[in-house]
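What follows is a short report on a single structure.
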Amino acid sequence: MSKKTDSTKKQSKLRHPVDDLEARDILRRFVIRARRVEAHSLVQNNSVEKYVKPSMTISYKEGQPTRIKYIMPDQEIFESLAARTRPCILESEPVYLEKVFRSIDMLLDGKQLTGQAKQCFDFCRKKFRDLHDKNNGESYSIQMYDKDNVPEGRPLSDLLIGEAWLYSDLVHADPKGDKARAAKLSYRDRYYAGTSFFSMLTIVIINMLNLITAINKQFQLNIDKKAWKEQVVASAEDSEVATEKMVVLPPNTRVPEGIDPSALPAAIDVTSPTEAIRFIQPEHSTDVIFLRRKELVSKVHGAFSWENDVLSILIADALVLELSTAGASQAESLQRVETRIKHRFTADTEATNSLRAIMHKCDRLLTVIPYKKGSLLYVDCPLAVKNDKQSANNSSPQK
């Protein structure tokens, strides 16, 4: 007894949605998936339409072989479109198109579509049937021959080859039956067929999305409105998020249930720009001490950076000091360089108020910064700060 090939196996009977609730859920899921397809760049710029019908150009040049150029989209871009449409041709998926069609029939409950709506529904059902059957809707077929020019089996339709491209080249690695036969073709032949297969599937999905959107309103199908609002693709805004708190903990740290991670002893609050710099670039860390006469009032964290000969010091997220070291000479091991220190308070109101309270009790701040060739730069900054606009007094960085 001969075994049937993949294309002639009896399909398992597909059941109808059991009730209106399931039908609405199928359509809700389909709308979300179809909107993801709709958002693809090949759909947005309408270029997918030109790949529905396989096309090629033939060029002739005297004295040279005839050349055939296949019209195909960029593969990496097209693969993402095929991946987005694939669930709509898998019977195991809730968005399988035949389930979508049956769900619409159930929710219409005998009501008849007319005009453009009926034409659209009939078109989508026929095109999907063609894609499913692999032979009725073919644009071309490929016949393979052995070395003696004897046909090897029946011709393979472009639709069957296209589905085989997805199965054996994109998703799986174990083609069987007709898919295995198609795998013997060149990759170009498989991909070329795949572009028309999934382009037509895309057209069907987009048409069904538009149809469901229209008839949901016309016939009050009561599909969950969130299906049209749910985010379906990442946007440029998703690459950046605002966070109130972000902490870093040592690897494998276990956070007890109900405990704020930032309260753990080893937690580093990297929502703080100063602490983030110190964590990522510890070599740019410094400690800043505040004095009143010679008495230590407070010590806070700072982080510094260089741009040419200009040193910038961020202090406790609240204060930025800038000074030039252009007058410092490497020839002298100890010298005093008079320079003006610019300062500004940051927009972090909480940090600024906290640091300002410390500064009002002090008459100077000191810090030490690694300098060129292993030397150190001592920053000694007198303070006379009474409001945000008043600058620091004459200050003296020392090397």
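Every chain in the structure tokens has a letter given in the order shown (A, B, ...), and although residue numbers restart at 1 in each chain, ligands are simply numbered from 1 in the order shown.
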
**Prompt:** Do you know which residues are at most 12 Å from Cys362 of chain A counting only C-alpha atoms, after dropping those on the same chain fewer than 2 positions away, and could you put them as an NGL selection string?
**Reply:** :A and (289-299 or 355-360 or 364-366 or 381-386)

Kindly save the residues from that selection, with N, CA, C and O atoms included, as a CSV table (one decimal), in the first residue's frame.
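As a result, again_32.csv now contains:
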chain,number,residue,atom,x,y,z
A,289,ILE,N,34.3,66.7,50.2
A,289,ILE,CA,34.0,67.0,51.6
A,289,ILE,C,33.7,68.4,51.8
A,289,ILE,O,34.2,69.3,51.1
A,290,PHE,N,32.8,68.7,52.7
A,290,PHE,CA,32.4,70.1,53.0
A,290,PHE,C,32.9,70.5,54.4
A,290,PHE,O,32.7,69.7,55.3
A,291,LEU,N,33.5,71.6,54.5
A,291,LEU,CA,34.2,72.1,55.7
A,291,LEU,C,33.6,73.4,56.2
A,291,LEU,O,33.2,74.2,55.3
A,292,ARG,N,33.6,73.6,57.5
A,292,ARG,CA,33.4,74.9,58.1
A,292,ARG,C,34.6,75.2,58.9
A,292,ARG,O,34.9,74.5,59.9
A,293,ARG,N,35.4,76.1,58.4
A,293,ARG,CA,36.8,76.3,58.9
A,293,ARG,C,37.5,75.0,58.7
A,293,ARG,O,37.7,74.6,57.6
A,294,LYS,N,37.9,74.3,59.8
A,294,LYS,CA,38.6,73.0,59.6
A,294,LYS,C,37.8,71.9,60.0
A,294,LYS,O,38.2,70.7,60.0
A,295,GLU,N,36.5,72.1,60.3
A,295,GLU,CA,35.6,71.1,60.8
A,295,GLU,C,34.9,70.4,59.7
A,295,GLU,O,34.3,71.1,58.8
A,296,LEU,N,34.9,69.1,59.6
A,296,LEU,CA,34.1,68.3,58.6
A,296,LEU,C,32.6,68.4,58.9
A,296,LEU,O,32.2,68.0,60.0
A,297,VAL,N,31.9,68.9,57.9
A,297,VAL,CA,30.4,69.0,58.0
A,297,VAL,C,29.8,67.8,57.3
A,297,VAL,O,28.8,67.2,57.9
A,298,SER,N,30.3,67.5,56.1
A,298,SER,CA,29.6,66.4,55.4
A,298,SER,C,30.6,65.8,54.3
A,298,SER,O,31.5,66.6,53.9
A,299,LYS,N,30.3,64.6,53.9
A,299,LYS,CA,31.1,64.0,52.8
A,299,LYS,C,30.0,63.4,51.8
A,299,LYS,O,29.2,62.6,52.3
A,355,LEU,N,21.6,69.4,49.1
A,355,LEU,CA,23.0,69.8,49.1
A,355,LEU,C,23.1,71.3,49.5
A,355,LEU,O,24.0,71.7,50.2
A,356,ARG,N,22.1,72.1,49.1
A,356,ARG,CA,22.2,73.5,49.5
A,356,ARG,C,22.2,73.7,51.0
A,356,ARG,O,22.8,74.5,51.6
A,357,ALA,N,21.4,72.8,51.7
A,357,ALA,CA,21.3,72.9,53.2
A,357,ALA,C,22.7,72.6,53.8
A,357,ALA,O,23.1,73.2,54.8
A,358,ILE,N,23.5,71.7,53.2
A,358,ILE,CA,24.8,71.4,53.6
A,358,ILE,C,25.7,72.6,53.3
A,358,ILE,O,26.5,73.1,54.2
A,359,MET,N,25.6,73.2,52.1
A,359,MET,CA,26.5,74.2,51.7
A,359,MET,C,26.3,75.5,52.6
A,359,MET,O,27.3,76.2,52.8
A,360,HIS,N,25.1,75.8,53.0
A,360,HIS,CA,24.9,77.0,53.8
A,360,HIS,C,25.6,76.9,55.2
A,360,HIS,O,25.8,77.9,55.8
A,364,ARG,N,33.8,76.0,52.6
A,364,ARG,CA,34.6,75.5,51.5
A,364,ARG,C,34.3,74.0,51.2
A,364,ARG,O,33.8,73.3,52.1
A,365,LEU,N,34.6,73.6,50.0
A,365,LEU,CA,34.5,72.2,49.7
A,365,LEU,C,35.8,71.8,49.1
A,365,LEU,O,36.6,72.6,48.4
A,366,LEU,N,36.2,70.5,49.3
A,366,LEU,CA,37.5,70.0,48.9
A,366,LEU,C,37.2,68.6,48.2
A,366,LEU,O,36.4,67.9,48.6
A,381,CYS,N,37.5,74.8,46.9
A,381,CYS,CA,36.6,75.8,46.5
A,381,CYS,C,35.9,76.5,47.6
A,381,CYS,O,35.1,75.9,48.3
A,382,PRO,N,36.2,77.8,47.9
A,382,PRO,CA,35.5,78.6,48.9
A,382,PRO,C,34.0,78.7,48.6
A,382,PRO,O,33.7,78.8,47.4
A,383,LEU,N,33.2,78.8,49.6
A,383,LEU,CA,31.7,78.8,49.4
A,383,LEU,C,31.2,80.1,50.0
A,383,LEU,O,31.5,80.5,51.1
A,384,ALA,N,30.3,80.7,49.3
A,384,ALA,CA,29.5,81.8,49.8
A,384,ALA,C,28.2,81.8,49.1
A,384,ALA,O,27.8,82.7,48.3
A,385,VAL,N,27.5,80.7,49.2
A,385,VAL,CA,26.3,80.5,48.4
A,385,VAL,C,25.0,80.8,49.2
A,385,VAL,O,24.8,80.2,50.3
A,386,LYS,N,24.3,81.8,48.8
A,386,LYS,CA,23.0,82.2,49.5
A,386,LYS,C,21.8,81.9,48.7
A,386,LYS,O,20.7,81.9,49.2

**Request:** Can you check which residues of segment 182-243 of chain A DSSP gives as alpha helix (DSSP H) on the backbone and send them as a count of residues only?
**Result:** 33

Taking the DSSP assignment computed from this structure's backbone, write out as a PDB file with N, CA and C atoms, in the first residue's frame all residues of segment 9-157 of chain A that belong to strand (DSSP E or B).
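Generated output (states_28.pdb):
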ATOM      1  N   MET A  56       9.378  38.547 -13.455  1.00  0.00           N
ATOM      2  CA  MET A  56      10.803  38.546 -13.780  1.00  0.00           C
ATOM      3  C   MET A  56      11.023  39.377 -15.025  1.00  0.00           C
ATOM      4  N   THR A  57      12.235  39.794 -15.227  1.00  0.00           N
ATOM      5  CA  THR A  57      12.590  40.513 -16.445  1.00  0.00           C
ATOM      6  C   THR A  57      13.595  39.672 -17.218  1.00  0.00           C
ATOM      7  N   ILE A  58      13.490  39.723 -18.536  1.00  0.00           N
ATOM      8  CA  ILE A  58      14.392  38.987 -19.417  1.00  0.00           C
ATOM      9  C   ILE A  58      15.129  39.998 -20.275  1.00  0.00           C
ATOM     10  N   SER A  59      16.437  39.941 -20.265  1.00  0.00           N
ATOM     11  CA  SER A  59      17.230  40.888 -21.038  1.00  0.00           C
ATOM     12  C   SER A  59      18.082  40.158 -22.061  1.00  0.00           C
ATOM     13  N   ARG A  67      19.567  36.750 -20.103  1.00  0.00           N
ATOM     14  CA  ARG A  67      19.609  36.851 -18.644  1.00  0.00           C
ATOM     15  C   ARG A  67      18.190  37.047 -18.099  1.00  0.00           C
ATOM     16  N   ILE A  68      17.900  36.306 -17.036  1.00  0.00           N
ATOM     17  CA  ILE A  68      16.599  36.388 -16.365  1.00  0.00           C
ATOM     18  C   ILE A  68      16.818  36.967 -14.967  1.00  0.00           C
ATOM     19  N   LYS A  69      16.092  37.994 -14.643  1.00  0.00           N
ATOM     20  CA  LYS A  69      16.196  38.605 -13.314  1.00  0.00           C
ATOM     21  C   LYS A  69      14.873  38.425 -12.575  1.00  0.00           C
ATOM     22  N   TYR A  70      14.915  37.718 -11.456  1.00  0.00           N
ATOM     23  CA  TYR A  70      13.730  37.500 -10.630  1.00  0.00           C
ATOM     24  C   TYR A  70      13.458  38.751  -9.794  1.00  0.00           C
ATOM     25  N   SER A 141       4.205  26.297 -12.130  1.00  0.00           N
ATOM     26  CA  SER A 141       4.647  25.073 -11.472  1.00  0.00           C
ATOM     27  C   SER A 141       6.028  24.710 -12.003  1.00  0.00           C
ATOM     28  N   ILE A 142       6.732  23.882 -11.238  1.00  0.00           N
ATOM     29  CA  ILE A 142       8.070  23.437 -11.614  1.00  0.00           C
ATOM     30  C   ILE A 142       8.071  21.918 -11.674  1.00  0.00           C
ATOM     31  N   TYR A 145      13.218  16.759 -13.199  1.00  0.00           N
ATOM     32  CA  TYR A 145      13.580  15.610 -14.024  1.00  0.00           C
ATOM     33  C   TYR A 145      14.861  14.980 -13.491  1.00  0.00           C
ATOM     34  N   PRO A 151      10.551  12.636 -15.847  1.00  0.00           N
ATOM     35  CA  PRO A 151       9.922  13.441 -14.784  1.00  0.00           C
ATOM     36  C   PRO A 151       9.970  12.730 -13.437  1.00  0.00           C
ATOM     37  N   LEU A 156       5.410  20.594  -9.116  1.00  0.00           N
ATOM     38  CA  LEU A 156       5.195  21.274  -7.834  1.00  0.00           C
ATOM     39  C   LEU A 156       4.686  22.679  -8.106  1.00  0.00           C
ATOM     40  N   SER A 157       3.551  23.035  -7.506  1.00  0.00           N
ATOM     41  CA  SER A 157       3.007  24.376  -7.711  1.00  0.00           C
ATOM     42  C   SER A 157       3.832  25.413  -6.965  1.00  0.00           C
TER      43      SER A 157
END

**Asked** Which residues come within 12 Å of Met246 of chain A, counting only C-alpha atoms, excluding same-chain residues fewer than 4 positions away, as a list in words?
**Response** Val241, Ala242, Asp260, Pro261, Ser262, Ala263, Ala267, Ile268, Asp269, Val270, Thr271, Ser272, Pro273, Glu275 and Ala276 of chain A

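Distances to Glu307 of chain A were evaluated for A:Ser47, A:Ser239, A:Ser324, A:Thr349 using only C-alpha atoms, and the minimum falls at A:Ser324.
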
**Message:** So the first atom is atom CA of Leu201 of chain A and the second is atom CA of Lys184 of chain A; what is the distance between them in Å, to one decimal place?
**Reply:** 24.3 Å

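Nearest-residue note for Val48 of chain A: choosing from A:Phe101, A:Pro73, A:Ile212, A:Pro256, the minimum distance belongs to A:Pro73, counting only C-alpha atoms.
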
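Near Pro370 of chain A, within 12 Å and counting only C-alpha atoms, sit Glu283, His284, Ser285, Thr286, Asp287, Ala303, Phe304, Ser305, Trp306, Leu311, Gly374, Ser375, Leu376, Leu377, Tyr378, Val379, Gln398 and Lys399 of chain A, not including residues fewer than 4 positions from it in the same chain.
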
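Compared by their closest atoms to Ile89 of chain A, and using only C-alpha atoms, the residues A:Met72, A:Ile32, A:Leu113, A:Met200 rank with A:Met200 nearest.
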